[in-house]
file entry.cif (mmCIF, C-alpha atoms)
data_start
#
loop_
_atom_site.label_atom_id
_atom_site.label_comp_id
_atom_site.auth_asym_id
_atom_site.auth_seq_id
_atom_site.Cartn_x
_atom_site.Cartn_y
_atom_site.Cartn_z
CA MET A 1 0.00 0.00 0.00
CA THR A 2 1.31 3.45 -0.96
CA GLU A 3 2.24 5.62 2.00
CA LEU A 4 0.54 9.01 1.73
CA PHE A 5 1.32 12.39 3.27
CA PRO A 6 -0.11 12.09 6.80
CA GLU A 7 -2.20 15.29 6.71
CA PRO A 8 -5.45 15.73 4.77
CA LEU A 9 -4.99 18.14 1.88
CA ARG A 10 -6.67 21.41 2.79
CA HIS A 11 -8.25 23.67 0.19
CA GLU A 12 -7.09 26.24 -0.58
CA LEU A 13 -3.60 24.72 -0.28
CA THR A 14 -1.48 27.09 1.77
CA ARG A 15 2.22 27.70 1.32
CA SER A 16 2.78 26.33 4.83
CA GLN A 17 1.16 22.99 3.99
CA MET A 18 2.90 22.91 0.62
CA ASP A 19 6.25 23.30 2.43
CA ARG A 20 5.36 20.42 4.75
CA ILE A 21 4.46 18.26 1.76
CA LEU A 22 7.74 19.13 0.05
CA LEU A 23 9.85 18.34 3.11
CA TRP A 24 7.96 15.08 3.70
CA CYS A 25 8.69 14.06 0.10
CA VAL A 26 12.37 14.90 0.53
CA GLU A 27 12.48 12.72 3.64
CA LYS A 28 11.11 9.91 1.45
CA ARG A 29 14.03 10.47 -0.97
CA ALA A 30 11.87 12.00 -3.69
CA SER A 31 13.77 13.49 -6.59
CA ASP A 32 10.84 15.40 -8.11
CA ILE A 33 7.45 16.56 -6.78
CA VAL A 34 4.60 17.45 -9.16
CA PHE A 35 1.58 19.72 -8.55
CA CYS A 36 -1.01 19.42 -11.33
CA PRO A 37 -4.66 20.57 -11.32
CA GLY A 38 -7.14 17.68 -11.16
CA ASP A 39 -4.48 15.31 -9.83
CA PRO A 40 -3.13 14.52 -6.38
CA VAL A 41 0.40 15.61 -5.56
CA TRP A 42 2.91 13.14 -7.03
CA MET A 43 6.54 12.39 -6.23
CA GLU A 44 9.20 10.45 -8.13
CA GLN A 45 11.01 8.12 -5.75
CA ASP A 46 13.94 6.11 -7.10
CA GLY A 47 12.60 6.48 -10.63
CA VAL A 48 9.01 5.42 -9.75
CA TRP A 49 6.06 7.83 -9.52
CA ARG A 50 3.98 7.60 -6.33
CA ARG A 51 0.90 9.45 -5.09
CA VAL A 52 1.46 11.77 -2.15
CA THR A 53 -2.14 12.84 -1.47
CA ASP A 54 -5.61 11.41 -2.06
CA ALA A 55 -7.27 14.70 -2.93
CA GLY A 56 -6.60 16.48 -6.20
CA LEU A 57 -5.51 20.09 -6.65
CA THR A 58 -7.52 22.90 -8.19
CA PRO A 59 -6.25 25.26 -10.92
CA SER A 60 -6.34 28.17 -8.49
CA GLU A 61 -4.11 26.27 -6.07
CA THR A 62 -1.29 25.71 -8.55
CA GLU A 63 -1.57 29.36 -9.62
CA ARG A 64 -1.24 30.36 -6.00
CA ILE A 65 1.83 28.15 -5.59
CA VAL A 66 3.54 29.92 -8.52
CA ASN A 67 2.71 33.40 -7.24
CA GLU A 68 3.82 32.65 -3.68
CA THR A 69 6.99 30.71 -4.48
CA THR A 70 8.18 33.34 -6.96
CA MET A 71 6.96 36.18 -4.70
CA GLN A 72 5.43 37.78 -7.80
CA ALA A 73 1.68 38.28 -7.66
CA SER A 74 1.25 38.16 -11.45
CA ARG A 75 3.64 35.32 -12.27
CA ALA A 76 0.84 32.79 -12.75
CA GLY A 77 -0.68 35.02 -15.40
CA TYR A 78 2.68 35.13 -17.16
CA VAL A 79 2.78 31.30 -17.20
CA ARG A 80 -0.86 31.02 -18.32
CA SER A 81 0.01 33.19 -21.33
CA GLY A 82 2.14 30.31 -22.62
CA ARG A 83 5.56 31.24 -21.24
CA SER A 84 7.16 28.47 -19.21
CA THR A 85 9.23 29.72 -16.28
CA ASP A 86 12.19 28.26 -14.36
CA TYR A 87 13.22 29.43 -10.93
CA ALA A 88 14.58 28.30 -7.56
CA TYR A 89 12.62 27.98 -4.33
CA GLN A 90 13.78 27.23 -0.82
CA THR A 91 12.11 26.53 2.50
CA ARG A 92 13.60 26.33 5.98
CA VAL A 93 13.88 22.89 7.53
CA PRO A 94 12.10 23.02 10.94
CA GLU A 95 14.18 22.38 14.05
CA SER A 96 17.39 22.69 12.02
CA ARG A 97 19.21 25.92 12.60
CA GLY A 98 20.15 27.63 9.37
CA VAL A 99 19.29 24.63 7.15
CA TRP A 100 17.28 25.26 3.99
CA GLN A 101 15.91 22.87 1.41
CA ARG A 102 16.27 24.15 -2.16
CA PHE A 103 14.27 23.15 -5.22
CA ARG A 104 14.64 23.80 -8.93
CA VAL A 105 11.17 24.63 -10.23
CA ASN A 106 9.52 24.64 -13.64
CA ALA A 107 5.99 25.97 -14.14
CA THR A 108 4.24 25.43 -17.47
CA SER A 109 0.70 26.04 -18.71
CA THR A 110 -1.30 22.93 -19.71
CA SER A 111 -4.89 22.16 -20.68
CA LYS A 112 -5.59 21.44 -16.99
CA GLY A 113 -3.97 24.61 -15.69
CA ILE A 114 -0.47 25.36 -14.43
CA TYR A 115 1.71 22.27 -14.02
CA ILE A 116 4.58 22.58 -11.54
CA VAL A 117 7.52 20.23 -11.05
CA MET A 118 9.96 20.82 -8.20
CA ARG A 119 13.31 19.03 -8.24
CA ALA A 120 14.79 18.53 -4.76
CA LEU A 121 18.43 19.58 -4.52
CA PRO A 122 20.93 18.28 -1.95
CA ARG A 123 20.97 20.46 1.16
CA ALA A 124 24.75 20.60 1.13
CA ILE A 125 26.82 21.18 -1.99
CA PRO A 126 28.25 17.74 -2.79
CA THR A 127 31.92 17.01 -3.34
CA LEU A 128 33.40 14.38 -5.62
CA GLY A 129 34.13 12.38 -2.48
CA ASP A 130 30.37 12.16 -1.88
CA MET A 131 29.74 10.61 -5.28
CA GLU A 132 30.05 6.93 -6.15
CA GLY A 133 32.20 5.65 -8.98
CA ILE A 134 34.49 8.65 -9.60
CA SER A 135 37.70 6.92 -10.62
CA ASP A 136 41.11 8.52 -10.20
CA SER A 137 41.49 8.86 -13.98
CA LEU A 138 38.14 10.64 -14.28
CA ARG A 139 38.92 12.91 -11.33
CA ARG A 140 42.18 14.01 -12.95
CA ALA A 141 40.50 14.62 -16.32
CA LEU A 142 37.83 16.81 -14.73
CA TYR A 143 40.33 19.62 -14.09
CA PRO A 144 42.08 20.64 -17.33
CA ALA A 145 44.11 23.85 -17.40
CA SER A 146 41.83 25.15 -20.19
CA GLY A 147 39.26 23.93 -22.69
CA LEU A 148 35.74 22.51 -22.68
CA VAL A 149 34.38 19.88 -20.29
CA CYS A 150 30.85 18.69 -21.09
CA VAL A 151 28.56 16.52 -18.95
CA SER A 152 25.72 14.96 -20.92
CA GLY A 153 22.67 12.87 -20.10
CA VAL A 154 18.90 12.95 -20.16
CA MET A 155 16.87 15.20 -17.90
CA GLY A 156 17.17 14.14 -14.26
CA SER A 157 20.41 12.20 -14.68
CA GLY A 158 22.37 14.27 -12.16
CA LYS A 159 24.39 16.44 -14.57
CA SER A 160 24.08 19.63 -12.50
CA THR A 161 24.89 17.77 -9.28
CA LEU A 162 28.06 16.35 -10.79
CA LEU A 163 29.20 19.77 -12.00
CA ALA A 164 28.45 21.32 -8.61
CA ALA A 165 30.63 18.64 -7.00
CA VAL A 166 33.41 19.35 -9.50
CA ILE A 167 33.35 23.08 -8.68
CA ARG A 168 33.05 22.58 -4.90
CA THR A 169 35.93 20.09 -4.80
CA GLY A 170 38.07 22.22 -7.08
CA LEU A 171 37.78 25.33 -4.91
CA SER A 172 40.19 23.82 -2.41
CA GLY A 173 42.01 21.51 -4.81
CA ALA A 174 42.77 21.40 -8.51
CA ALA A 175 40.98 24.70 -9.23
CA ALA A 176 42.26 26.61 -6.18
CA GLY A 177 43.40 30.16 -6.87
CA ARG A 178 41.31 30.60 -10.03
CA GLN A 179 38.21 32.81 -10.15
CA VAL A 180 34.99 30.85 -10.76
CA LEU A 181 31.95 32.35 -12.50
CA THR A 182 28.70 30.48 -13.11
CA LEU A 183 25.72 31.19 -15.35
CA GLU A 184 22.52 29.31 -14.53
CA ASP A 185 18.75 29.27 -15.00
CA PRO A 186 17.99 29.09 -12.14
CA ILE A 187 20.90 29.01 -9.67
CA GLU A 188 20.64 25.52 -8.20
CA PHE A 189 23.52 25.17 -5.74
CA ASP A 190 24.20 28.35 -3.78
CA PHE A 191 27.95 28.79 -3.30
CA THR A 192 27.63 31.88 -1.09
CA GLY A 193 28.02 29.62 1.94
CA VAL A 194 31.54 28.68 0.84
CA GLY A 195 33.43 31.33 2.77
CA ALA A 196 36.66 33.00 1.72
CA SER A 197 38.59 30.85 4.21
CA GLN A 198 37.53 27.78 2.20
CA ARG A 199 38.82 29.03 -1.15
CA GLU A 200 41.64 31.05 -2.66
CA ALA A 201 39.82 33.20 -5.24
CA PRO A 202 36.44 34.87 -5.86
CA ILE A 203 33.35 32.95 -6.96
CA ALA A 204 30.22 34.60 -8.36
CA GLN A 205 26.96 33.22 -9.72
CA SER A 206 24.60 34.87 -12.22
CA GLN A 207 21.07 33.94 -13.21
CA ILE A 208 19.51 34.30 -16.65
CA HIS A 209 16.82 37.02 -16.92
CA THR A 210 17.69 38.27 -13.42
CA ASP A 211 21.38 39.20 -13.66
CA VAL A 212 21.96 38.87 -17.42
CA PRO A 213 19.46 38.97 -20.31
CA ASP A 214 20.32 35.69 -22.06
CA TRP A 215 22.83 32.84 -22.30
CA PRO A 216 25.11 34.12 -25.11
CA SER A 217 25.61 37.62 -23.65
CA GLY A 218 26.06 36.11 -20.18
CA VAL A 219 28.81 33.83 -21.46
CA ARG A 220 30.53 36.64 -23.36
CA SER A 221 30.64 38.77 -20.19
CA MET A 222 32.54 36.05 -18.32
CA THR A 223 35.88 36.71 -20.01
CA ARG A 224 35.45 40.46 -19.49
CA ARG A 225 34.99 39.70 -15.77
CA LYS A 226 38.22 37.65 -15.76
CA GLY A 227 36.55 34.31 -15.38
CA GLU A 228 39.26 31.65 -15.24
CA ILE A 229 36.83 28.79 -14.63
CA VAL A 230 33.30 29.21 -15.94
CA MET A 231 30.32 26.92 -15.50
CA VAL A 232 27.34 27.37 -17.81
CA GLY A 233 24.28 25.42 -16.67
CA GLU A 234 23.21 24.29 -20.13
CA CYS A 235 24.50 24.60 -23.68
CA ARG A 236 21.21 25.32 -25.44
CA ASP A 237 21.98 26.79 -28.87
CA ARG A 238 24.58 27.76 -31.44
CA GLU A 239 25.13 31.24 -30.00
CA THR A 240 25.83 29.89 -26.51
CA LEU A 241 28.14 27.17 -27.83
CA SER A 242 30.05 29.70 -29.96
CA ALA A 243 30.53 31.91 -26.91
CA LEU A 244 31.67 28.91 -24.83
CA LEU A 245 34.23 27.87 -27.45
CA SER A 246 35.48 31.46 -27.64
CA CYS A 247 36.03 31.38 -23.86
CA ALA A 248 37.92 28.09 -24.15
CA GLU A 249 40.13 29.50 -26.92
CA GLN A 250 41.13 32.30 -24.54
CA GLY A 251 42.54 29.84 -22.02
CA VAL A 252 39.46 29.50 -19.80
CA THR A 253 38.31 26.17 -18.36
CA VAL A 254 34.65 25.84 -19.39
CA TYR A 255 32.09 23.43 -17.90
CA THR A 256 28.62 22.89 -19.33
CA THR A 257 25.86 20.30 -19.75
CA LEU A 258 24.03 18.95 -22.78
CA HIS A 259 21.13 16.57 -23.36
CA ALA A 260 22.51 13.54 -25.22
CA GLN A 261 22.43 9.72 -25.09
CA ASP A 262 26.18 8.98 -25.02
CA VAL A 263 29.61 10.52 -25.61
CA PRO A 264 29.61 10.26 -29.45
CA GLN A 265 26.14 11.82 -29.67
CA THR A 266 27.30 14.64 -27.38
CA VAL A 267 29.95 15.59 -29.96
CA THR A 268 27.53 15.51 -32.88
CA ARG A 269 24.85 17.41 -30.94
CA MET A 270 27.33 20.26 -30.54
CA VAL A 271 28.39 20.20 -34.19
CA ASP A 272 24.79 19.93 -35.40
CA ALA A 273 23.88 23.08 -33.45
CA PHE A 274 25.51 25.01 -36.31
CA PRO A 275 24.11 25.54 -39.83
CA TRP A 276 25.39 23.05 -42.39
CA GLU A 277 27.79 25.52 -43.99
CA GLU A 278 29.42 26.27 -40.60
CA ARG A 279 29.75 22.72 -39.29
CA ALA A 280 33.21 21.92 -40.65
CA GLN A 281 34.68 25.03 -39.02
CA ALA A 282 32.72 24.40 -35.79
CA ALA A 283 34.00 20.81 -35.67
CA SER A 284 37.56 22.05 -36.10
CA VAL A 285 37.25 24.51 -33.21
CA LEU A 286 35.55 21.84 -31.09
CA ARG A 287 38.32 19.32 -31.76
CA ALA A 288 40.91 21.87 -30.67
CA ASN A 289 39.18 22.77 -27.43
CA LEU A 290 37.43 19.62 -26.18
CA ARG A 291 39.07 18.19 -23.07
CA LEU A 292 36.50 15.78 -21.58
CA ILE A 293 32.99 14.47 -22.16
CA VAL A 294 31.23 12.59 -19.37
CA HIS A 295 27.90 10.93 -20.10
CA GLN A 296 25.87 9.98 -17.04
CA ARG A 297 22.65 8.07 -16.53
CA LEU A 298 20.84 6.70 -13.48
CA VAL A 299 19.62 3.08 -13.40
CA PRO A 300 17.85 0.99 -10.72
CA ARG A 301 20.10 -0.29 -7.96
CA VAL A 302 19.91 -3.76 -6.44
CA ARG A 303 19.08 -3.18 -2.75
CA THR A 304 18.45 -5.38 0.24
CA GLU A 305 15.79 -4.52 2.83
CA GLU A 306 18.62 -3.36 5.06
CA ASP A 307 19.83 -1.01 2.30
CA VAL A 308 16.33 0.45 2.02
CA ARG A 309 16.12 1.02 5.78
CA ALA A 310 19.57 2.60 5.74
CA GLY A 311 18.50 5.05 3.05
CA VAL A 312 20.78 3.74 0.29
CA PRO A 313 19.67 5.49 -2.94
CA GLY A 314 17.50 3.41 -5.23
CA ARG A 315 19.46 4.37 -8.33
CA VAL A 316 23.12 4.17 -9.23
CA ALA A 317 25.03 6.33 -11.72
CA LEU A 318 26.60 4.75 -14.80
CA ARG A 319 29.20 6.89 -16.55
CA GLU A 320 30.82 6.84 -19.96
CA TYR A 321 33.70 9.22 -20.49
CA LEU A 322 36.49 10.16 -22.87
CA ALA A 323 39.36 12.54 -22.20
CA PHE A 324 40.59 14.35 -25.32
CA GLY A 325 44.36 14.55 -25.08
CA GLU A 326 46.67 15.67 -27.86
CA ASP A 327 46.67 12.22 -29.51
CA GLU A 328 42.86 11.99 -29.53
CA ARG A 329 42.51 15.49 -30.95
CA GLN A 330 45.11 14.86 -33.68
CA TYR A 331 43.32 11.65 -34.64
CA LEU A 332 39.96 13.42 -34.92
CA TYR A 333 41.49 16.04 -37.22
CA THR A 334 41.99 13.25 -39.79
CA VAL A 335 38.36 12.08 -39.57
CA PRO A 336 35.77 13.39 -42.08
CA LEU A 337 32.79 15.08 -40.49
CA GLN A 338 30.39 12.31 -41.58
CA ASP A 339 32.54 9.71 -39.77
CA LEU A 340 32.76 11.58 -36.48
CA ILE A 341 30.33 9.37 -34.50
CA PRO A 342 32.01 6.01 -35.28
CA ALA A 343 35.44 7.59 -34.74
CA VAL A 344 34.52 8.93 -31.31
CA ARG A 345 32.88 5.59 -30.49
CA ARG A 346 36.13 3.79 -31.27
CA LEU A 347 38.01 6.20 -29.02
CA VAL A 348 35.57 5.65 -26.16
CA THR A 349 35.96 1.87 -26.44
CA GLY A 350 39.73 1.90 -26.91
CA ARG A 351 40.94 4.84 -24.81
CA GLY A 352 38.03 5.93 -22.66
CA HIS A 353 35.55 4.22 -20.40
CA SER A 354 32.38 3.02 -22.11
CA LEU A 355 28.91 2.81 -20.64
CA LEU A 356 28.91 -0.91 -21.30
CA ALA A 357 32.18 -1.39 -19.40
CA ASP A 358 30.82 0.60 -16.47
CA ALA A 359 27.57 -1.40 -16.47
CA ARG A 360 29.50 -4.66 -16.43
CA GLU A 361 31.60 -3.42 -13.51
CA LYS A 362 28.48 -2.44 -11.58
CA TYR A 363 26.92 -5.85 -12.33
CA ARG A 364 30.01 -7.68 -11.04
CA GLU A 365 29.85 -5.54 -7.88
CA GLY A 366 26.19 -6.52 -7.43
CA SER A 367 24.96 -2.92 -7.81
CA ILE A 368 22.70 -3.56 -10.82
CA SER A 369 20.63 -6.53 -11.93
CA ARG A 370 21.12 -8.82 -14.91
CA PRO A 371 18.06 -7.38 -16.75
CA VAL A 372 19.46 -3.84 -16.42
CA LEU A 373 22.82 -4.99 -17.79
CA ALA A 374 21.10 -6.92 -20.60
CA ALA A 375 19.16 -3.79 -21.64
CA ILE A 376 22.38 -1.80 -21.85
CA GLU A 377 24.11 -4.60 -23.79
CA GLN A 378 21.27 -4.60 -26.31
CA GLU A 379 21.35 -0.82 -26.65
CA GLN A 380 25.11 -0.77 -27.16
CA ALA A 381 24.96 -3.64 -29.65
CA ARG A 382 22.51 -1.59 -31.74
CA SER A 383 24.86 1.39 -31.63
CA GLY A 384 27.87 -0.73 -32.58
CA ASP A 385 29.59 -0.93 -29.18
CA GLY A 386 28.55 -4.44 -28.11
CA VAL A 387 31.34 -6.97 -27.79
#

call {"tool": "encode", "arguments": {"input": "entry.cif", "output": "structure tokens"}}
result
Amino acid sequence: MTELFPEPLRHELTRSQMDRILLWCVEKRASDIVFCPGDPVWMEQDGVWRRVTDAGLTPSETERIVNETTMQASRAGYVRSGRSTDYAYQTRVPESRGVWQRFRVNATSTSKGIYIVMRALPRAIPTLGDMEGISDSLRRALYPASGLVCVSGVMGSGKSTLLAAVIRTGLSGAAAGRQVLTLEDPIEFDFTGVGASQREAPIAQSQIHTDVPDWPSGVRSMTRRKGEIVMVGECRDRETLSALLSCAEQGVTVYTTLHAQDVPQTVTRMVDAFPWEERAQAASVLRANLRLIVHQRLVPRVRTEEDVRAGVPGRVALREYLAFGEDERQYLYTVPLQDLIPAVRRLVTGRGHSLLADAREKYREGSISRPVLAAIEQEQARSGDGV
């Protein structure tokens, strides 16, 4: 039987009760919480959707949630006009001094009314030491002196969390003494709590539409502000990618994320962002400046009842990665544009760490089941990686 939120849902839903629902869901290890008119509140727990309440929400309640969590009385009207909005929301954790729970929020208009999804963020900024499966070779590759590092995956695969851990760990390690600038929509992990005694250079975060008008101009401003390490929350279009590559060419270490299914597709997604007549030149610049691509996905974990009671996460990260050293870049210069995907795939298999290899390691460790491994083997066989 599904465990529900222990309070009856009161209409109209107040912000206070909404906060209690959110914190209850976080305690249940929810990754996302959804508020949709005509439906109960839902949460995604270890990749499975579960009901949180019996009663459904009304359209006026989700509008009220948007207005109150953005602190803008007309924001719901803005969303109803067809303009999706992204923002961050936080609520104080009761009986915990100075502890806040942050959420990344998207509100979108639907035929039912305003649909809201809130992604729960870790209360503390993670470090690489907090994350499973970060090998020594990957850790070293995550901190190049300059160039582009891209983390790819589908929505909800932990890309932003991994980059936050890279930045947080680097502040007192491989990136110490270099100014860090971030550009996000919205700001997910707040680095203001990392005091000057914990780092050796400034760090500043900017939010799209609040601090800068758009992604491309925000990226271009980073070199003018002497950004030595820049993190851009998402590489969305040609203009942003061009600005990122320009930063990398100036000796900046650039981190970003991209939606893609594996490392080879990540490369082609970046090249294909450009018009056909510009792709050869874009590929050349990309080859010169790429330093690392990490593809990450979350799959179900094998857990015992004791693991569940101990709060062991229900999903485990699989990672495919390829570091682009001088040899890899020189090799790719000889590859025609139409052969880029198979060439990168060969590099991943021969010189990187493939998703299939990582899945097999996790299976041998007992972290994933045989059916999960079999699904990945079938997928990779279709793409040409199966062995």

call {"tool": "resolve_selection", "arguments": {"input": "entry.cif", "expression": "the PyMOL selection byres ((chain A and resi 186) around 7)", "output": "compact mmCIF listing (two decimals) with C-alpha atoms, keeping the file's coordinate frame"}}
result
# COMPACT_ATOMS: atom_id res chain seq x y z
CA ASP A 86 12.19 28.26 -14.36
CA TYR A 87 13.22 29.43 -10.93
CA ALA A 88 14.58 28.30 -7.56
CA GLU A 184 22.52 29.31 -14.53
CA ASP A 185 18.75 29.27 -15.00
CA ILE A 187 20.90 29.01 -9.67
CA GLU A 188 20.64 25.52 -8.20
CA GLN A 207 21.07 33.94 -13.21

call {"tool": "residues_near_point", "arguments": {"input": "entry.cif", "point": "(14.9, 33.1, -22.0)", "cutoff": "10 Å", "atoms": "only C-alpha atoms", "output": "VMD selection string"}}
result
chain A and resid 83 to 86 185 208 to 209 213 to 215

call {"tool": "closest_residue", "arguments": {"input": "entry.cif", "among": "A:Thr169, A:Gln205, A:Gln338, A:Gln296", "to": "Leu142 in chain A", "atoms": "all atoms listed in the file"}}
result
A:Thr169

call {"tool": "residues_around", "arguments": {"input": "entry.cif", "residues": "Thr192 in chain A", "least_positions_apart": "5", "cutoff": "12 Å", "atoms": "only C-alpha atoms", "output": "list in words"}}
result
Ala124, Ile125, Arg168, Ile187, Gln198, Arg199, Pro202, Ile203, Ala204, Gln205 and Ser206 of chain A

call {"tool": "residues_near_point", "arguments": {"input": "entry.cif", "point": "(24.1, 23.2, -19.8)", "cutoff": "7 Å", "atoms": "all atoms listed in the file", "output": "CSV table (one decimal) with C-alpha atoms, keeping the file's coordinate frame"}}
result
chain,number,residue,atom,x,y,z
A,232,VAL,CA,27.3,27.4,-17.8
A,233,GLY,CA,24.3,25.4,-16.7
A,234,GLU,CA,23.2,24.3,-20.1
A,235,CYS,CA,24.5,24.6,-23.7
A,236,ARG,CA,21.2,25.3,-25.4
A,256,THR,CA,28.6,22.9,-19.3
A,257,THR,CA,25.9,20.3,-19.8
A,258,LEU,CA,24.0,19.0,-22.8

call {"tool": "residues_around", "arguments": {"input": "entry.cif", "residues": "Asn289 in chain A", "least_positions_apart": "2", "cutoff": "9 Å", "atoms": "all atoms listed in the file", "output": "PyMOL selection string"}}
result
chain A and resi 146-148+245+248-249+284-287+291+324+329

call {"tool": "resolve_selection", "arguments": {"input": "entry.cif", "expression": "the PyMOL selection byres ((chain A and resi 66) around 9)", "output": "PDB file with C-alpha atoms, in the coordinates of the input"}}
result
ATOM      1  CA  GLU A  61      -4.110  26.270  -6.070  1.00  0.00           C
ATOM      2  CA  THR A  62      -1.290  25.710  -8.550  1.00  0.00           C
ATOM      3  CA  GLU A  63      -1.570  29.360  -9.620  1.00  0.00           C
ATOM      4  CA  ARG A  64      -1.240  30.360  -6.000  1.00  0.00           C
ATOM      5  CA  ILE A  65       1.830  28.150  -5.590  1.00  0.00           C
ATOM      6  CA  ASN A  67       2.710  33.400  -7.240  1.00  0.00           C
ATOM      7  CA  GLU A  68       3.820  32.650  -3.680  1.00  0.00           C
ATOM      8  CA  THR A  69       6.990  30.710  -4.480  1.00  0.00           C
ATOM      9  CA  THR A  70       8.180  33.340  -6.960  1.00  0.00           C
ATOM     10  CA  MET A  71       6.960  36.180  -4.700  1.00  0.00           C
ATOM     11  CA  GLN A  72       5.430  37.780  -7.800  1.00  0.00           C
ATOM     12  CA  ALA A  73       1.680  38.280  -7.660  1.00  0.00           C
ATOM     13  CA  ARG A  75       3.640  35.320 -12.270  1.00  0.00           C
ATOM     14  CA  ALA A  76       0.840  32.790 -12.750  1.00  0.00           C
ATOM     15  CA  VAL A  79       2.780  31.300 -17.200  1.00  0.00           C
ATOM     16  CA  ALA A 107       5.990  25.970 -14.140  1.00  0.00           C
ATOM     17  CA  ILE A 114      -0.470  25.360 -14.430  1.00  0.00           C
ATOM     18  CA  ILE A 116       4.580  22.580 -11.540  1.00  0.00           C
TER      19      ILE A 116
END

call {"tool": "resolve_selection", "arguments": {"input": "entry.cif", "expression": "the PyMOL selection byres ((chain A and resi 355) around 12)", "output": "PDB file with C-alpha atoms, keeping the file's coordinate frame"}}
result
ATOM      1  CA  GLY A 153      22.670  12.870 -20.100  1.00  0.00           C
ATOM      2  CA  GLN A 261      22.430   9.720 -25.090  1.00  0.00           C
ATOM      3  CA  ASP A 262      26.180   8.980 -25.020  1.00  0.00           C
ATOM      4  CA  VAL A 263      29.610  10.520 -25.610  1.00  0.00           C
ATOM      5  CA  PRO A 264      29.610  10.260 -29.450  1.00  0.00           C
ATOM      6  CA  VAL A 294      31.230  12.590 -19.370  1.00  0.00           C
ATOM      7  CA  HIS A 295      27.900  10.930 -20.100  1.00  0.00           C
ATOM      8  CA  GLN A 296      25.870   9.980 -17.040  1.00  0.00           C
ATOM      9  CA  ARG A 297      22.650   8.070 -16.530  1.00  0.00           C
ATOM     10  CA  LEU A 298      20.840   6.700 -13.480  1.00  0.00           C
ATOM     11  CA  VAL A 299      19.620   3.080 -13.400  1.00  0.00           C
ATOM     12  CA  ALA A 317      25.030   6.330 -11.720  1.00  0.00           C
ATOM     13  CA  LEU A 318      26.600   4.750 -14.800  1.00  0.00           C
ATOM     14  CA  ARG A 319      29.200   6.890 -16.550  1.00  0.00           C
ATOM     15  CA  GLU A 320      30.820   6.840 -19.960  1.00  0.00           C
ATOM     16  CA  TYR A 321      33.700   9.220 -20.490  1.00  0.00           C
ATOM     17  CA  LEU A 322      36.490  10.160 -22.870  1.00  0.00           C
ATOM     18  CA  ARG A 345      32.880   5.590 -30.490  1.00  0.00           C
ATOM     19  CA  VAL A 348      35.570   5.650 -26.160  1.00  0.00           C
ATOM     20  CA  THR A 349      35.960   1.870 -26.440  1.00  0.00           C
ATOM     21  CA  GLY A 352      38.030   5.930 -22.660  1.00  0.00           C
ATOM     22  CA  HIS A 353      35.550   4.220 -20.400  1.00  0.00           C
ATOM     23  CA  SER A 354      32.380   3.020 -22.110  1.00  0.00           C
ATOM     24  CA  LEU A 356      28.910  -0.910 -21.300  1.00  0.00           C
ATOM     25  CA  ALA A 357      32.180  -1.390 -19.400  1.00  0.00           C
ATOM     26  CA  ASP A 358      30.820   0.600 -16.470  1.00  0.00           C
ATOM     27  CA  ALA A 359      27.570  -1.400 -16.470  1.00  0.00           C
ATOM     28  CA  ARG A 360      29.500  -4.660 -16.430  1.00  0.00           C
ATOM     29  CA  GLU A 361      31.600  -3.420 -13.510  1.00  0.00           C
ATOM     30  CA  LYS A 362      28.480  -2.440 -11.580  1.00  0.00           C
ATOM     31  CA  LEU A 373      22.820  -4.990 -17.790  1.00  0.00           C
ATOM     32  CA  ALA A 375      19.160  -3.790 -21.640  1.00  0.00           C
ATOM     33  CA  ILE A 376      22.380  -1.800 -21.850  1.00  0.00           C
ATOM     34  CA  GLU A 377      24.110  -4.600 -23.790  1.00  0.00           C
ATOM     35  CA  GLU A 379      21.350  -0.820 -26.650  1.00  0.00           C
ATOM     36  CA  GLN A 380      25.110  -0.770 -27.160  1.00  0.00           C
ATOM     37  CA  ALA A 381      24.960  -3.640 -29.650  1.00  0.00           C
ATOM     38  CA  SER A 383      24.860   1.390 -31.630  1.00  0.00           C
ATOM     39  CA  ASP A 385      29.590  -0.930 -29.180  1.00  0.00           C
ATOM     40  CA  GLY A 386      28.550  -4.440 -28.110  1.00  0.00           C
TER      41      GLY A 386
END

call {"tool": "closest_residue", "arguments": {"input": "entry.cif", "among": "A:Gln330, A:Gln265, A:Val99, A:Thr91", "to": "Val344 in chain A", "atoms": "all atoms listed in the file"}}
result
A:Gln265

call {"tool": "atom_distance", "arguments": {"input": "entry.cif", "atom1": "CA of Pro336 in chain A", "atom2": "CA of Gly350 in chain A"}}
result
19.4 Å

call {"tool": "atom_distance", "arguments": {"input": "entry.cif", "atom1": "CA of Ala273 in chain A", "atom2": "CA of Thr253 in chain A"}}
result
21.1 Å

call {"tool": "axis_aligned_box", "arguments": {"input": "entry.cif", "around": "range 16-29 of chain A", "padding_each_side": "3 Å", "output": "AutoDock Vina command-line options"}}
result
--center_x 7.6 --center_y 18.1 --center_z 1.9 --size_x 18.9 --size_y 22.4 --size_z 11.8

call {"tool": "closest_residue", "arguments": {"input": "entry.cif", "among": "A:Ser81, A:Ile33, A:Val48, A:Val166", "to": "Ala120 in chain A", "atoms": "all atoms listed in the file"}}
result
A:Ile33

call {"tool": "closest_residue", "arguments": {"input": "entry.cif", "among": "A:Thr182, A:Leu163, A:Asp54, A:Ala343", "to": "Arg139 in chain A", "atoms": "all atoms listed in the file"}}
result
A:Leu163

call {"tool": "atom_distance", "arguments": {"input": "entry.cif", "atom1": "CA of Gly173 in chain A", "atom2": "CA of Leu241 in chain A"}}
result
27.5 Å

call {"tool": "closest_residue", "arguments": {"input": "entry.cif", "among": "A:Cys36, A:Ala55, A:Ala175, A:Met155", "to": "Pro8 in chain A", "atoms": "only C-alpha atoms"}}
result
A:Ala55
